[in-house]
$ cat upload_23.txt   # compact mmCIF, N, CA and C atoms
# COMPACT_ATOMS: atom_id res chain seq x y z
N MET S 8 23.07 -16.99 -32.91
CA MET S 8 22.87 -15.87 -33.81
C MET S 8 21.57 -15.12 -33.50
N LYS S 9 20.54 -15.88 -33.11
CA LYS S 9 19.25 -15.27 -32.78
C LYS S 9 19.39 -14.32 -31.58
N ILE S 10 20.18 -14.71 -30.61
CA ILE S 10 20.38 -13.86 -29.42
C ILE S 10 21.02 -12.55 -29.82
N PHE S 11 22.03 -12.60 -30.69
CA PHE S 11 22.68 -11.36 -31.13
C PHE S 11 21.71 -10.49 -31.91
N LYS S 12 20.91 -11.11 -32.76
CA LYS S 12 19.95 -10.36 -33.57
C LYS S 12 18.91 -9.66 -32.69
N LEU S 13 18.52 -10.31 -31.60
CA LEU S 13 17.51 -9.74 -30.72
C LEU S 13 18.08 -8.77 -29.70
N TRP S 14 19.19 -9.16 -29.07
CA TRP S 14 19.73 -8.36 -27.97
C TRP S 14 20.82 -7.39 -28.39
N GLY S 15 21.42 -7.60 -29.57
CA GLY S 15 22.44 -6.68 -30.07
C GLY S 15 21.91 -5.27 -30.22
N PRO S 16 20.75 -5.09 -30.87
CA PRO S 16 20.20 -3.74 -30.98
C PRO S 16 19.90 -3.08 -29.63
N VAL S 17 19.49 -3.88 -28.65
CA VAL S 17 19.23 -3.35 -27.30
C VAL S 17 20.53 -2.79 -26.72
N ILE S 18 21.60 -3.57 -26.83
CA ILE S 18 22.89 -3.16 -26.29
C ILE S 18 23.43 -1.95 -27.04
N ILE S 19 23.31 -1.97 -28.35
CA ILE S 19 23.79 -0.84 -29.15
C ILE S 19 23.02 0.43 -28.80
N TRP S 20 21.70 0.33 -28.70
CA TRP S 20 20.89 1.52 -28.39
C TRP S 20 21.19 2.03 -26.97
N ALA S 21 21.38 1.12 -26.03
CA ALA S 21 21.78 1.54 -24.68
C ALA S 21 23.10 2.29 -24.75
N GLY S 22 24.01 1.83 -25.60
CA GLY S 22 25.29 2.52 -25.80
C GLY S 22 25.11 3.90 -26.41
N VAL S 23 24.18 4.03 -27.35
CA VAL S 23 23.90 5.34 -27.96
C VAL S 23 23.39 6.31 -26.90
N ILE S 24 22.47 5.85 -26.07
CA ILE S 24 21.95 6.70 -24.99
C ILE S 24 23.09 7.10 -24.06
N PHE S 25 23.92 6.13 -23.67
CA PHE S 25 25.05 6.40 -22.77
C PHE S 25 26.01 7.40 -23.41
N TYR S 26 26.29 7.23 -24.69
CA TYR S 26 27.21 8.13 -25.40
C TYR S 26 26.71 9.58 -25.35
N PHE S 27 25.44 9.79 -25.72
CA PHE S 27 24.91 11.14 -25.74
C PHE S 27 24.83 11.73 -24.33
N SER S 28 24.62 10.90 -23.34
CA SER S 28 24.61 11.38 -21.96
C SER S 28 26.00 11.75 -21.47
N SER S 29 27.02 11.29 -22.16
CA SER S 29 28.40 11.56 -21.78
C SER S 29 28.93 12.87 -22.34
N ILE S 30 28.17 13.49 -23.24
CA ILE S 30 28.62 14.73 -23.88
C ILE S 30 28.34 15.90 -22.94
N PRO S 31 29.39 16.61 -22.50
CA PRO S 31 29.19 17.76 -21.61
C PRO S 31 28.40 18.86 -22.30
N ASP S 32 27.53 19.51 -21.56
CA ASP S 32 26.78 20.67 -22.06
C ASP S 32 26.12 20.41 -23.42
N LEU S 33 25.51 19.27 -23.59
CA LEU S 33 24.87 18.92 -24.86
C LEU S 33 23.70 19.87 -25.15
N LYS S 34 23.80 20.56 -26.25
CA LYS S 34 22.76 21.49 -26.69
C LYS S 34 22.69 21.43 -28.22
N THR S 35 21.51 21.74 -28.76
CA THR S 35 21.36 21.74 -30.21
C THR S 35 21.80 23.06 -30.82
N GLY S 36 21.74 24.14 -30.04
CA GLY S 36 22.07 25.45 -30.56
C GLY S 36 20.92 26.09 -31.32
N LEU S 37 19.80 25.44 -31.35
CA LEU S 37 18.62 25.96 -32.05
C LEU S 37 17.72 26.72 -31.09
N LYS S 38 16.80 27.46 -31.65
CA LYS S 38 15.89 28.30 -30.87
C LYS S 38 15.09 27.50 -29.84
N TYR S 39 14.62 26.35 -30.24
CA TYR S 39 13.78 25.52 -29.37
C TYR S 39 14.57 24.37 -28.75
N ASP S 40 15.79 24.64 -28.30
CA ASP S 40 16.70 23.63 -27.78
C ASP S 40 16.06 22.78 -26.68
N PHE S 41 15.48 23.41 -25.68
CA PHE S 41 14.90 22.69 -24.55
C PHE S 41 13.84 21.71 -25.03
N PHE S 42 12.94 22.18 -25.88
CA PHE S 42 11.85 21.36 -26.40
C PHE S 42 12.42 20.19 -27.22
N LEU S 43 13.39 20.45 -28.05
CA LEU S 43 13.99 19.40 -28.89
C LEU S 43 14.67 18.33 -28.05
N ARG S 44 15.35 18.75 -26.99
CA ARG S 44 16.02 17.76 -26.13
C ARG S 44 15.00 16.88 -25.40
N LYS S 45 13.87 17.44 -25.03
CA LYS S 45 12.83 16.64 -24.36
C LYS S 45 12.18 15.67 -25.34
N ILE S 46 11.98 16.11 -26.58
CA ILE S 46 11.47 15.21 -27.62
C ILE S 46 12.47 14.08 -27.85
N ALA S 47 13.76 14.39 -27.80
CA ALA S 47 14.80 13.37 -27.95
C ALA S 47 14.70 12.34 -26.83
N HIS S 48 14.45 12.78 -25.60
CA HIS S 48 14.29 11.85 -24.48
C HIS S 48 13.13 10.89 -24.75
N ILE S 49 12.01 11.44 -25.16
CA ILE S 49 10.83 10.62 -25.42
C ILE S 49 11.13 9.61 -26.53
N THR S 50 11.75 10.08 -27.59
CA THR S 50 12.04 9.22 -28.74
C THR S 50 13.02 8.12 -28.39
N GLU S 51 14.10 8.46 -27.68
CA GLU S 51 15.11 7.44 -27.39
C GLU S 51 14.57 6.34 -26.49
N TYR S 52 13.69 6.68 -25.55
CA TYR S 52 13.13 5.65 -24.68
C TYR S 52 11.96 4.91 -25.32
N PHE S 53 11.28 5.52 -26.26
CA PHE S 53 10.29 4.81 -27.07
C PHE S 53 11.00 3.70 -27.86
N ILE S 54 12.10 4.06 -28.51
CA ILE S 54 12.87 3.09 -29.30
C ILE S 54 13.47 2.01 -28.40
N PHE S 55 14.03 2.42 -27.26
CA PHE S 55 14.64 1.46 -26.34
C PHE S 55 13.60 0.45 -25.84
N THR S 56 12.41 0.94 -25.51
CA THR S 56 11.35 0.04 -25.04
C THR S 56 10.91 -0.90 -26.15
N PHE S 57 10.80 -0.40 -27.37
CA PHE S 57 10.46 -1.26 -28.51
C PHE S 57 11.50 -2.37 -28.67
N LEU S 58 12.78 -2.01 -28.62
CA LEU S 58 13.84 -3.01 -28.80
C LEU S 58 13.82 -4.04 -27.67
N LEU S 59 13.59 -3.59 -26.45
CA LEU S 59 13.48 -4.53 -25.32
C LEU S 59 12.26 -5.42 -25.47
N TYR S 60 11.15 -4.84 -25.87
CA TYR S 60 9.92 -5.61 -26.07
C TYR S 60 10.15 -6.73 -27.09
N ARG S 61 10.75 -6.36 -28.21
CA ARG S 61 11.04 -7.31 -29.28
C ARG S 61 11.97 -8.42 -28.79
N ALA S 62 13.00 -8.04 -28.05
CA ALA S 62 13.97 -9.03 -27.55
C ALA S 62 13.32 -9.97 -26.54
N PHE S 63 12.56 -9.43 -25.60
CA PHE S 63 11.89 -10.28 -24.61
C PHE S 63 10.85 -11.17 -25.29
N ARG S 64 10.06 -10.60 -26.18
CA ARG S 64 9.00 -11.35 -26.85
C ARG S 64 9.54 -12.57 -27.60
N ASP S 65 10.66 -12.37 -28.30
CA ASP S 65 11.18 -13.45 -29.14
C ASP S 65 12.24 -14.31 -28.46
N SER S 66 12.61 -13.97 -27.22
CA SER S 66 13.60 -14.76 -26.49
C SER S 66 12.98 -15.66 -25.42
N PHE S 67 11.86 -15.24 -24.88
CA PHE S 67 11.26 -15.94 -23.75
C PHE S 67 9.79 -16.20 -24.01
N ASN S 68 9.28 -17.24 -23.40
CA ASN S 68 7.86 -17.53 -23.46
C ASN S 68 7.21 -16.83 -22.26
N MET S 69 6.66 -15.65 -22.50
CA MET S 69 6.13 -14.83 -21.42
C MET S 69 4.63 -14.62 -21.59
N ASN S 70 3.95 -14.48 -20.46
CA ASN S 70 2.54 -14.10 -20.55
C ASN S 70 2.45 -12.62 -20.88
N ALA S 71 1.26 -12.16 -21.21
CA ALA S 71 1.06 -10.79 -21.67
C ALA S 71 1.50 -9.76 -20.63
N PHE S 72 1.20 -10.03 -19.37
CA PHE S 72 1.57 -9.08 -18.31
C PHE S 72 3.08 -8.96 -18.19
N SER S 73 3.78 -10.08 -18.19
CA SER S 73 5.24 -10.06 -18.09
C SER S 73 5.86 -9.36 -19.30
N LEU S 74 5.29 -9.61 -20.46
CA LEU S 74 5.80 -8.98 -21.68
C LEU S 74 5.57 -7.48 -21.65
N LEU S 75 4.56 -7.06 -20.95
CA LEU S 75 4.33 -5.63 -20.75
C LEU S 75 5.30 -5.06 -19.73
N MET S 76 5.49 -5.75 -18.64
CA MET S 76 6.25 -5.21 -17.51
C MET S 76 7.77 -5.23 -17.70
N TYR S 77 8.33 -6.34 -18.15
CA TYR S 77 9.79 -6.44 -18.22
C TYR S 77 10.44 -5.33 -19.06
N PRO S 78 10.01 -5.12 -20.29
CA PRO S 78 10.63 -4.03 -21.05
C PRO S 78 10.42 -2.66 -20.41
N ALA S 79 9.24 -2.42 -19.86
CA ALA S 79 8.96 -1.13 -19.23
C ALA S 79 9.84 -0.92 -18.01
N VAL S 80 9.97 -1.93 -17.17
CA VAL S 80 10.80 -1.81 -15.96
C VAL S 80 12.27 -1.65 -16.33
N PHE S 81 12.75 -2.43 -17.28
CA PHE S 81 14.15 -2.29 -17.70
C PHE S 81 14.42 -0.90 -18.27
N SER S 82 13.50 -0.40 -19.09
CA SER S 82 13.66 0.94 -19.66
C SER S 82 13.66 2.00 -18.56
N PHE S 83 12.75 1.87 -17.63
CA PHE S 83 12.66 2.81 -16.51
C PHE S 83 13.94 2.80 -15.67
N LEU S 84 14.43 1.61 -15.35
CA LEU S 84 15.67 1.52 -14.57
C LEU S 84 16.86 2.08 -15.33
N TYR S 85 16.88 1.86 -16.64
CA TYR S 85 17.97 2.43 -17.44
C TYR S 85 17.87 3.95 -17.48
N ALA S 86 16.65 4.48 -17.53
CA ALA S 86 16.46 5.94 -17.50
C ALA S 86 16.98 6.52 -16.19
N ILE S 87 16.72 5.84 -15.08
CA ILE S 87 17.24 6.29 -13.79
C ILE S 87 18.76 6.23 -13.78
N SER S 88 19.32 5.12 -14.25
CA SER S 88 20.79 4.98 -14.27
C SER S 88 21.42 6.02 -15.20
N ASP S 89 20.74 6.36 -16.27
CA ASP S 89 21.24 7.38 -17.20
C ASP S 89 21.31 8.74 -16.52
N GLU S 90 20.31 9.08 -15.76
CA GLU S 90 20.33 10.36 -15.04
C GLU S 90 21.41 10.37 -13.96
N ILE S 91 21.61 9.26 -13.30
CA ILE S 91 22.70 9.18 -12.31
C ILE S 91 24.05 9.35 -13.02
N HIS S 92 24.19 8.71 -14.18
CA HIS S 92 25.41 8.86 -14.98
C HIS S 92 25.65 10.34 -15.32
N GLN S 93 24.59 11.05 -15.72
CA GLN S 93 24.74 12.46 -16.09
C GLN S 93 25.16 13.33 -14.92
N TYR S 94 24.88 12.91 -13.71
CA TYR S 94 25.31 13.65 -12.52
C TYR S 94 26.83 13.81 -12.50
N PHE S 95 27.53 12.83 -13.04
CA PHE S 95 28.99 12.81 -13.02
C PHE S 95 29.62 13.41 -14.29
N VAL S 96 28.80 13.90 -15.21
CA VAL S 96 29.30 14.49 -16.45
C VAL S 96 29.28 16.01 -16.30
N LEU S 97 30.42 16.63 -16.58
CA LEU S 97 30.56 18.07 -16.49
C LEU S 97 29.51 18.78 -17.36
N GLY S 98 28.80 19.72 -16.78
CA GLY S 98 27.80 20.47 -17.53
C GLY S 98 26.46 19.78 -17.64
N ARG S 99 26.31 18.61 -17.05
CA ARG S 99 25.03 17.88 -17.07
C ARG S 99 24.53 17.79 -15.64
N ASN S 100 23.28 17.40 -15.48
CA ASN S 100 22.75 17.21 -14.13
C ASN S 100 21.82 16.01 -14.10
N CYS S 101 21.51 15.60 -12.90
CA CYS S 101 20.62 14.47 -12.66
C CYS S 101 19.22 15.06 -12.46
N SER S 102 18.28 14.65 -13.28
CA SER S 102 16.96 15.28 -13.25
C SER S 102 15.84 14.23 -13.18
N ALA S 103 15.07 14.30 -12.10
CA ALA S 103 13.90 13.43 -11.99
C ALA S 103 12.89 13.79 -13.08
N GLN S 104 12.84 15.05 -13.47
CA GLN S 104 11.95 15.49 -14.54
C GLN S 104 12.26 14.75 -15.84
N ASP S 105 13.54 14.55 -16.13
CA ASP S 105 13.91 13.84 -17.35
C ASP S 105 13.49 12.37 -17.29
N VAL S 106 13.54 11.76 -16.12
CA VAL S 106 13.07 10.38 -15.99
C VAL S 106 11.57 10.33 -16.28
N LEU S 107 10.83 11.30 -15.79
CA LEU S 107 9.39 11.35 -16.08
C LEU S 107 9.13 11.55 -17.57
N ILE S 108 9.96 12.34 -18.21
CA ILE S 108 9.83 12.54 -19.66
C ILE S 108 10.17 11.24 -20.40
N ASP S 109 11.19 10.52 -19.91
CA ASP S 109 11.52 9.21 -20.49
C ASP S 109 10.33 8.26 -20.37
N LEU S 110 9.61 8.35 -19.25
CA LEU S 110 8.43 7.51 -19.05
C LEU S 110 7.35 7.78 -20.10
N ILE S 111 7.29 8.99 -20.62
CA ILE S 111 6.34 9.30 -21.70
C ILE S 111 6.68 8.45 -22.93
N GLY S 112 7.97 8.33 -23.24
CA GLY S 112 8.39 7.49 -24.36
C GLY S 112 8.08 6.02 -24.13
N ILE S 113 8.31 5.57 -22.90
CA ILE S 113 8.03 4.17 -22.54
C ILE S 113 6.53 3.90 -22.66
N ALA S 114 5.73 4.75 -22.06
CA ALA S 114 4.27 4.58 -22.12
C ALA S 114 3.76 4.76 -23.55
N GLY S 115 4.38 5.66 -24.29
CA GLY S 115 3.98 5.91 -25.67
C GLY S 115 4.08 4.67 -26.54
N PHE S 116 5.10 3.87 -26.29
CA PHE S 116 5.25 2.62 -27.05
C PHE S 116 4.04 1.72 -26.82
N TYR S 117 3.64 1.57 -25.55
CA TYR S 117 2.51 0.70 -25.24
C TYR S 117 1.19 1.28 -25.73
N ILE S 118 1.06 2.58 -25.71
CA ILE S 118 -0.14 3.22 -26.24
C ILE S 118 -0.24 2.96 -27.74
N LEU S 119 0.88 3.06 -28.44
CA LEU S 119 0.88 2.80 -29.88
C LEU S 119 0.48 1.36 -30.18
N ILE S 120 0.97 0.41 -29.39
CA ILE S 120 0.57 -0.99 -29.57
C ILE S 120 -0.93 -1.12 -29.39
N ARG S 121 -1.43 -0.49 -28.34
CA ARG S 121 -2.87 -0.59 -28.06
C ARG S 121 -3.69 -0.01 -29.21
N ILE S 122 -3.27 1.10 -29.72
CA ILE S 122 -3.98 1.72 -30.85
C ILE S 122 -3.90 0.84 -32.08
N LYS S 123 -2.70 0.31 -32.35
CA LYS S 123 -2.48 -0.46 -33.57
C LYS S 123 -3.17 -1.83 -33.52
N LYS S 124 -3.05 -2.51 -32.41
CA LYS S 124 -3.58 -3.87 -32.32
C LYS S 124 -4.84 -4.02 -31.48
N GLY S 125 -5.12 -3.03 -30.68
CA GLY S 125 -6.31 -3.14 -29.84
C GLY S 125 -6.06 -3.88 -28.54
N TYR S 126 -4.84 -4.27 -28.30
CA TYR S 126 -4.47 -4.91 -27.04
C TYR S 126 -2.99 -4.67 -26.80
N LEU S 127 -2.47 -5.07 -25.65
CA LEU S 127 -1.11 -4.70 -25.27
C LEU S 127 -0.02 -5.68 -25.68
N CYS S 128 -0.33 -6.70 -26.44
CA CYS S 128 0.70 -7.64 -26.87
C CYS S 128 0.73 -7.74 -28.39
N LEU S 129 1.91 -7.59 -28.93
CA LEU S 129 2.07 -7.82 -30.37
C LEU S 129 2.12 -9.32 -30.60
N THR S 130 1.57 -9.76 -31.71
CA THR S 130 1.67 -11.17 -32.04
C THR S 130 3.05 -11.45 -32.58
N ARG S 131 3.45 -12.70 -32.49
CA ARG S 131 4.79 -13.08 -32.96
C ARG S 131 4.84 -13.14 -34.45
$ encode --input "upload_23.txt" --output "C-alpha cells"
Amino acid sequence: MKIFKLWGPVIIWAGVIFYFSSIPDLKTGLKYDFFLRKIAHITEYFIFTFLLYRAFRDSFNMNAFSLLMYPAVFSFLYAISDEIHQYFVLGRNCSAQDVLIDLIGIAGFYILIRIKKGYLCLTR
C-alpha cells in the first residue's frame, strides 16, 4: 500500500502531462496564451519533481546527493520524452525551449526547498 501511496501520484501526474501533450493545437484562447502555457510547463514539472522527490525519499535510503539527483534526472528525462511525444501530435511540435522551461520548474522545486529549509534535503 505504501508503494501505491508514494508512486501512484507520480504515475497519475505523468499521465496528466501525457494527456495534455496529446491534445492537438492546445491553446487557452486568452490574450496571454503563450505566457500561460509556459507557466503551465513550469508548474507541471515543479509538481512532478516534488512527487518524485517524495516517492524517492520515502521509498529508498538515499544520501542527500542522490535524493537531489534522481528526481531531477527523472523529471528532465520525462520532459525530453514529452517533447518527443509532442512531435507526433498534430498541431504540436518538439521544442528544446520547452525542455529548458521545464527545467525552471525542476530547479524551482529545489530552490524552494533551499529557501524553506536552508538545505537541499527535506527531513522525513
$ atom_distance --input "upload_23.txt" --atom1 "atom CA of Asp40 of chain S" --atom2 "atom C of Phe116 of chain S"
25.3 Å
$ atom_distance --input "upload_23.txt" --atom1 "atom C of Arg99 of chain S" --atom2 "atom N of Asp32 of chain S"
6.9 Å
$ residues_near_point --input "upload_23.txt" --point "(15.0, 2.7, -19.5)" --cutoff "8 Å" --atoms "all atoms listed in the file" --output "list in words"
Glu51, Tyr52, Phe55, Thr56, Pro78, Ala79, Val80, Phe81, Ser82, Phe83, Leu84, Tyr85, Ala86, Ile87, Ser88, Asp89, Asp109, Leu110 and Ile113 of chain S
$ atom_distance --input "upload_23.txt" --atom1 "atom N of Leu59 of chain S" --atom2 "atom CA of Tyr94 of chain S"
25.1 Å
$ closest_residue --input "upload_23.txt" --among "S:Ile122, S:Gln93, S:Ile111, S:Gly98" --to "Pro31 of chain S" --atoms "all atoms listed in the file"
S:Gly98
$ closest_residue --input "upload_23.txt" --among "S:Ile46, S:Ile19, S:Met8, S:Ile54" --to "Tyr117 of chain S" --atoms "only C-alpha atoms"
S:Ile54
$ decode --input "upload_23.txt" --residues "segment 79-105 of chain S" --atoms "N, CA, C and O atoms" --output "PDB file, in the first residue's frame"
ATOM      1  N   ALA S  79      15.390  14.900 -10.118  1.00  0.00           N
ATOM      2  CA  ALA S  79      15.695  15.896 -11.147  1.00  0.00           C
ATOM      3  C   ALA S  79      15.971  15.231 -12.485  1.00  0.00           C
ATOM      4  O   ALA S  79      15.451  15.661 -13.522  1.00  0.00           O
ATOM      5  N   VAL S  80      16.760  14.168 -12.480  1.00  0.00           N
ATOM      6  CA  VAL S  80      17.087  13.467 -13.730  1.00  0.00           C
ATOM      7  C   VAL S  80      15.845  12.805 -14.319  1.00  0.00           C
ATOM      8  O   VAL S  80      15.600  12.904 -15.523  1.00  0.00           O
ATOM      9  N   PHE S  81      15.048  12.160 -13.496  1.00  0.00           N
ATOM     10  CA  PHE S  81      13.817  11.533 -13.995  1.00  0.00           C
ATOM     11  C   PHE S  81      12.875  12.583 -14.587  1.00  0.00           C
ATOM     12  O   PHE S  81      12.283  12.371 -15.646  1.00  0.00           O
ATOM     13  N   SER S  82      12.735  13.720 -13.909  1.00  0.00           N
ATOM     14  CA  SER S  82      11.876  14.790 -14.424  1.00  0.00           C
ATOM     15  C   SER S  82      12.410  15.318 -15.749  1.00  0.00           C
ATOM     16  O   SER S  82      11.648  15.544 -16.697  1.00  0.00           O
ATOM     17  N   PHE S  83      13.699  15.526 -15.815  1.00  0.00           N
ATOM     18  CA  PHE S  83      14.328  16.021 -17.041  1.00  0.00           C
ATOM     19  C   PHE S  83      14.135  15.041 -18.196  1.00  0.00           C
ATOM     20  O   PHE S  83      13.764  15.444 -19.309  1.00  0.00           O
ATOM     21  N   LEU S  84      14.357  13.763 -17.944  1.00  0.00           N
ATOM     22  CA  LEU S  84      14.170  12.756 -18.995  1.00  0.00           C
ATOM     23  C   LEU S  84      12.714  12.666 -19.430  1.00  0.00           C
ATOM     24  O   LEU S  84      12.418  12.486 -20.620  1.00  0.00           O
ATOM     25  N   TYR S  85      11.799  12.818 -18.481  1.00  0.00           N
ATOM     26  CA  TYR S  85      10.375  12.804 -18.846  1.00  0.00           C
ATOM     27  C   TYR S  85      10.032  14.038 -19.675  1.00  0.00           C
ATOM     28  O   TYR S  85       9.240  13.949 -20.619  1.00  0.00           O
ATOM     29  N   ALA S  86      10.624  15.177 -19.353  1.00  0.00           N
ATOM     30  CA  ALA S  86      10.399  16.394 -20.140  1.00  0.00           C
ATOM     31  C   ALA S  86      10.873  16.201 -21.578  1.00  0.00           C
ATOM     32  O   ALA S  86      10.181  16.590 -22.531  1.00  0.00           O
ATOM     33  N   ILE S  87      12.024  15.566 -21.749  1.00  0.00           N
ATOM     34  CA  ILE S  87      12.523  15.271 -23.097  1.00  0.00           C
ATOM     35  C   ILE S  87      11.578  14.323 -23.816  1.00  0.00           C
ATOM     36  O   ILE S  87      11.208  14.550 -24.977  1.00  0.00           O
ATOM     37  N   SER S  88      11.163  13.254 -23.135  1.00  0.00           N
ATOM     38  CA  SER S  88      10.255  12.282 -23.770  1.00  0.00           C
ATOM     39  C   SER S  88       8.913  12.924 -24.102  1.00  0.00           C
ATOM     40  O   SER S  88       8.287  12.587 -25.119  1.00  0.00           O
ATOM     41  N   ASP S  89       8.472  13.864 -23.289  1.00  0.00           N
ATOM     42  CA  ASP S  89       7.220  14.575 -23.542  1.00  0.00           C
ATOM     43  C   ASP S  89       7.319  15.404 -24.823  1.00  0.00           C
ATOM     44  O   ASP S  89       6.387  15.423 -25.631  1.00  0.00           O
ATOM     45  N   GLU S  90       8.430  16.065 -25.012  1.00  0.00           N
ATOM     46  CA  GLU S  90       8.614  16.850 -26.238  1.00  0.00           C
ATOM     47  C   GLU S  90       8.708  15.948 -27.465  1.00  0.00           C
ATOM     48  O   GLU S  90       8.174  16.278 -28.522  1.00  0.00           O
ATOM     49  N   ILE S  91       9.352  14.816 -27.328  1.00  0.00           N
ATOM     50  CA  ILE S  91       9.400  13.856 -28.445  1.00  0.00           C
ATOM     51  C   ILE S  91       7.987  13.367 -28.761  1.00  0.00           C
ATOM     52  O   ILE S  91       7.597  13.271 -29.928  1.00  0.00           O
ATOM     53  N   HIS S  92       7.213  13.082 -27.716  1.00  0.00           N
ATOM     54  CA  HIS S  92       5.818  12.669 -27.900  1.00  0.00           C
ATOM     55  C   HIS S  92       5.042  13.741 -28.674  1.00  0.00           C
ATOM     56  O   HIS S  92       4.272  13.433 -29.591  1.00  0.00           O
ATOM     57  N   GLN S  93       5.238  15.012 -28.325  1.00  0.00           N
ATOM     58  CA  GLN S  93       4.518  16.092 -28.989  1.00  0.00           C
ATOM     59  C   GLN S  93       4.875  16.217 -30.464  1.00  0.00           C
ATOM     60  O   GLN S  93       4.072  16.709 -31.255  1.00  0.00           O
ATOM     61  N   TYR S  94       6.045  15.764 -30.841  1.00  0.00           N
ATOM     62  CA  TYR S  94       6.453  15.775 -32.252  1.00  0.00           C
ATOM     63  C   TYR S  94       5.468  14.982 -33.111  1.00  0.00           C
ATOM     64  O   TYR S  94       5.231  15.308 -34.268  1.00  0.00           O
ATOM     65  N   PHE S  95       4.876  13.955 -32.530  1.00  0.00           N
ATOM     66  CA  PHE S  95       3.969  13.066 -33.249  1.00  0.00           C
ATOM     67  C   PHE S  95       2.493  13.461 -33.109  1.00  0.00           C
ATOM     68  O   PHE S  95       1.625  12.764 -33.615  1.00  0.00           O
ATOM     69  N   VAL S  96       2.215  14.557 -32.415  1.00  0.00           N
ATOM     70  CA  VAL S  96       0.845  15.018 -32.221  1.00  0.00           C
ATOM     71  C   VAL S  96       0.573  16.154 -33.208  1.00  0.00           C
ATOM     72  O   VAL S  96       1.325  17.127 -33.269  1.00  0.00           O
ATOM     73  N   LEU S  97      -0.512  16.015 -33.955  1.00  0.00           N
ATOM     74  CA  LEU S  97      -0.897  17.015 -34.942  1.00  0.00           C
ATOM     75  C   LEU S  97      -1.052  18.390 -34.289  1.00  0.00           C
ATOM     76  O   LEU S  97      -1.712  18.521 -33.259  1.00  0.00           O
ATOM     77  N   GLY S  98      -0.420  19.392 -34.869  1.00  0.00           N
ATOM     78  CA  GLY S  98      -0.531  20.747 -34.338  1.00  0.00           C
ATOM     79  C   GLY S  98       0.420  21.048 -33.195  1.00  0.00           C
ATOM     80  O   GLY S  98       0.395  22.143 -32.641  1.00  0.00           O
ATOM     81  N   ARG S  99       1.242  20.094 -32.804  1.00  0.00           N
ATOM     82  CA  ARG S  99       2.226  20.307 -31.730  1.00  0.00           C
ATOM     83  C   ARG S  99       3.612  20.174 -32.336  1.00  0.00           C
ATOM     84  O   ARG S  99       3.783  19.696 -33.449  1.00  0.00           O
ATOM     85  N   ASN S 100       4.624  20.583 -31.591  1.00  0.00           N
ATOM     86  CA  ASN S 100       5.988  20.416 -32.072  1.00  0.00           C
ATOM     87  C   ASN S 100       6.912  20.041 -30.922  1.00  0.00           C
ATOM     88  O   ASN S 100       6.560  20.144 -29.761  1.00  0.00           O
ATOM     89  N   CYS S 101       8.083  19.614 -31.287  1.00  0.00           N
ATOM     90  CA  CYS S 101       9.116  19.227 -30.336  1.00  0.00           C
ATOM     91  C   CYS S 101       9.999  20.455 -30.121  1.00  0.00           C
ATOM     92  O   CYS S 101      10.557  20.984 -31.079  1.00  0.00           O
ATOM     93  N   SER S 102      10.099  20.914 -28.887  1.00  0.00           N
ATOM     94  CA  SER S 102      10.794  22.170 -28.630  1.00  0.00           C
ATOM     95  C   SER S 102      11.826  22.017 -27.507  1.00  0.00           C
ATOM     96  O   SER S 102      11.469  21.707 -26.368  1.00  0.00           O
ATOM     97  N   ALA S 103      13.081  22.261 -27.855  1.00  0.00           N
ATOM     98  CA  ALA S 103      14.130  22.269 -26.830  1.00  0.00           C
ATOM     99  C   ALA S 103      13.885  23.413 -25.848  1.00  0.00           C
ATOM    100  O   ALA S 103      14.198  23.301 -24.659  1.00  0.00           O
ATOM    101  N   GLN S 104      13.304  24.503 -26.324  1.00  0.00           N
ATOM    102  CA  GLN S 104      12.978  25.636 -25.463  1.00  0.00           C
ATOM    103  C   GLN S 104      12.021  25.210 -24.353  1.00  0.00           C
ATOM    104  O   GLN S 104      12.176  25.614 -23.198  1.00  0.00           O
ATOM    105  N   ASP S 105      11.051  24.368 -24.680  1.00  0.00           N
ATOM    106  CA  ASP S 105      10.107  23.910 -23.662  1.00  0.00           C
ATOM    107  C   ASP S 105      10.791  23.027 -22.621  1.00  0.00           C
ATOM    108  O   ASP S 105      10.428  23.065 -21.443  1.00  0.00           O
TER     109      ASP S 105
END
